[in-house]
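Written out below as structure tokens is the structure these notes cover.
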Protein chains: 2
Amino acid sequence: MRQANRERGCVIWFTGLSGSGKTTIAQIVEHKLLDGDVPIEILDGDVVRENLSKGLGFSKEDRDINIRRIAFVAHLLQRNGAFVITAAISPYRSIRNEARGMIKEFVEVYAEAPLEVCEERDVKGLYAKARAGEIKGFTGIDDPYEAPSAAEVTCNTAQESPEESAQKVIDKLVELKYLEA
Amino acid sequence: MRQANRERGCVIWFTGLSGSGKTTIAQIVEHKLLDGDVPIEILDGDVVRENLSKGLGFSKEDRDINIRRIAFVAHLLQRNGAFVITAAISPYRSIRNEARGMIKEFVEVYAEAPLEVCEERDVKGLYAKARAGEIKGFTGIDDPYEAPSAAEVTCNTAQESPEESAQKVIDKLVELKYLEA
């Protein structure tokens with residue numbers, strides 16, 4: 001059973017294309033942490049859009065505002081000792097780095113999968129809509145995704161199982177001493 | 001020195017007119033709790049508007065959205081064991097009750113002062129602007145304030161010192177077993 005280092009929470013910041021596996025891995029990490037009685041919150045992209053960012057669109061400006069809000073809330077939780085998982089696409093490197101600068105206790109997890117794989121999965125049917133032109137500014141189709149250059153963890157979700165990816169995250173949390181070994 | 005009941009955080013929800021003393025009392029309560037090593041966050045109205053609600057105005061609809069966001073974040077923090085103080089005007093009873101229903105661990109504090117007293121203080125110079133017609137929809141002038149009917153604490157800030165008001169809040173937290181006696 002994992003024990004949290006109760007003095008410091010942290011923010012596990014997932015980034016990756018829609019369909020890259022962020023939420024799936026995040027939920028497994030969450031369960032592993034809950035098993036260890038670690039206080040954890042997932043700030044999922046969709047939930048945040050509903051509760052904090054309704055009315056915002058998907059322009060770069062609106063995406064940046066949305067990510068800043070996620071970072072603000074994640075930071076509040078982290079400095080009160082919680083572990084926080086964010087699972088939004090967060091496609092822009094500059095704003096992720098801004099979040100890292102604010103939060104400090106920041107573990108970036110890149111859910112990496114080729115666009116073709118994500119599009120093939122198309123869990124929410126969004127790629128089909130984007131290809132049909134029904135959604136504009138869709139990351140990977142007609143909006144950019146800037147991959148992290150130095151993420152703490154990279155999960156190759158086309159090759160690894162979600163379980164393996166989640167374990168990589170846990171191992172990194174132990175290595176960084178957010179969890180006790 | 002106060003000790004928190006670590007199993008349950010709570011949300012100390014201030015409501016009252018601009019200038020009624022919400023933030024002043026909140027800051028004294030914060031210091032008293034910090035002295036006891038209780039993890040505490042103040043979600044001040046202005047700070048929240050800047051970080052979560054930029055772009056929202058002061059129509060009833062926008063105010064309600066703003067208050068729902070405060071409640072969402074306060075709840076996340078509370079269920080991770082933090083003490084949270086919100087200090088927004090939150091003029092509408094229905095939305096405060098919605099927040100109470102979501103959060104459960106909810107201590108409503110009414111900073112009560114006659115409008116004339118708040119206007120006389122006019123710490124931010126906003127009443128003058130509202131009277132001059134430079135600000136529209138200002139609570140107490142041309143927008144309603146609905147006083148709580150059953151707040152856990154009422155601070156009569158025209159008669160009590162901020163220190164006395166803050167002590168009433170602390171006493172209530174002890175009575176409700178959020179703090180150990």
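Residues are referred to by chain and number: the chain letter is A, B, ... according to the order shown in the structure tokens, the number counts from 1 in that chain, and ligands are numbered separately from 1 in the order shown.
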All strand (DSSP E or B) positions in chain B, as number ranges by chain: B: 4, 10-15, 40-44, 83-87, 106-112, 139, 143, 153-156, 179
How close does each residue of chain A get to chain B, giving the shortest atom pair and distance in Å to one decimal for every residue with an atom at most 12 Å away, counting only C-alpha atoms, sorted by chain and residue number, as a tab-separated table?
residue	atom	partner	partner_atom	distance
A:Glu7	CA	B:Pro39	CA	11.5
A:Gly9	CA	B:Asn80	CA	11.0
A:Asp37	CA	B:Asn80	CA	11.6
A:Val38	CA	B:Asn80	CA	9.9
A:Pro39	CA	B:Asn80	CA	6.3
A:Ile40	CA	B:Asn80	CA	7.8
A:Glu41	CA	B:Leu76	CA	7.8
A:Ile42	CA	B:Leu76	CA	10.1
A:Leu43	CA	B:Leu76	CA	9.9
A:Val47	CA	B:Phe72	CA	10.8
A:Val48	CA	B:Phe72	CA	9.9
A:Arg49	CA	B:Arg69	CA	11.1
A:Glu50	CA	B:Arg69	CA	9.9
A:Asn51	CA	B:Arg69	CA	6.3
A:Leu52	CA	B:Arg69	CA	5.7
A:Ser53	CA	B:Leu52	CA	7.9
A:Lys54	CA	B:Ile65	CA	9.0
A:Gly55	CA	B:Gly55	CA	9.9
A:Leu56	CA	B:Gly55	CA	9.9
A:Asp62	CA	B:Gly55	CA	11.1
A:Ile65	CA	B:Leu52	CA	8.7
A:Asn66	CA	B:Leu52	CA	8.8
A:Ile67	CA	B:Leu52	CA	10.6
A:Arg68	CA	B:Asn51	CA	7.8
A:Arg69	CA	B:Leu52	CA	5.7
A:Ile70	CA	B:Leu52	CA	9.0
A:Ala71	CA	B:Asn51	CA	9.8
A:Phe72	CA	B:Asn51	CA	7.1
A:Val73	CA	B:Val73	CA	6.9
A:Ala74	CA	B:Val73	CA	9.7
A:His75	CA	B:Leu77	CA	10.7
A:Leu76	CA	B:Leu77	CA	7.6
A:Leu77	CA	B:Leu77	CA	5.9
A:Gln78	CA	B:Leu77	CA	9.4
A:Arg79	CA	B:Pro39	CA	9.0
A:Asn80	CA	B:Pro39	CA	6.3
A:Gly81	CA	B:Asn80	CA	8.1
A:Ala82	CA	B:Asn80	CA	6.5
A:Phe83	CA	B:Asn80	CA	9.4
A:Val84	CA	B:Asn80	CA	10.5
Restricting to only C-alpha atoms, whichever of A:Ala111, A:Ile89, A:Leu33, A:Ala26 is closest to A:Phe138 is A:Ile89
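Closest to B:Thr86 among B:Ala181, B:Met102, B:Val11, B:Val29 is B:Val11, based on only C-alpha atoms.
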Can you tell me which residues surround A:Gly16 at a distance of at most 12 Å, considering only C-alpha atoms, apart from same-chain residues fewer than 2 positions away, and format the answer as a PyMOL selection string? chain A and resi 13-14+18-23+25+45+86-93+96+108-115+118+139-140+144-148+151+154-157
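Between B:Thr24 and the candidates B:Val174, B:Leu179, B:Lys129, B:Ser165, the tightest atom-to-atom separation, counting only C-alpha atoms, involves B:Ser165.
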Enumerate the residues of stretch 65-177 of chain B with a DSSP assignment of alpha helix (DSSP H), computed from the backbone, and present them as a ChimeraX atom specification. /B:65-79,93-103,115-121,126-131,162-175
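Straight-line separation from atom CA of A:Val153 to atom CA of A:Phe106: 11.3 Å.
Checking A:Val117, A:Ile12, A:Ala99, A:Ala128 one by one against A:Glu30, counting only C-alpha atoms, you find the shortest gap at A:Ile12.
The space separating atom CA of B:Gly133 from atom CA of B:Glu61 comes to 21.1 Å.
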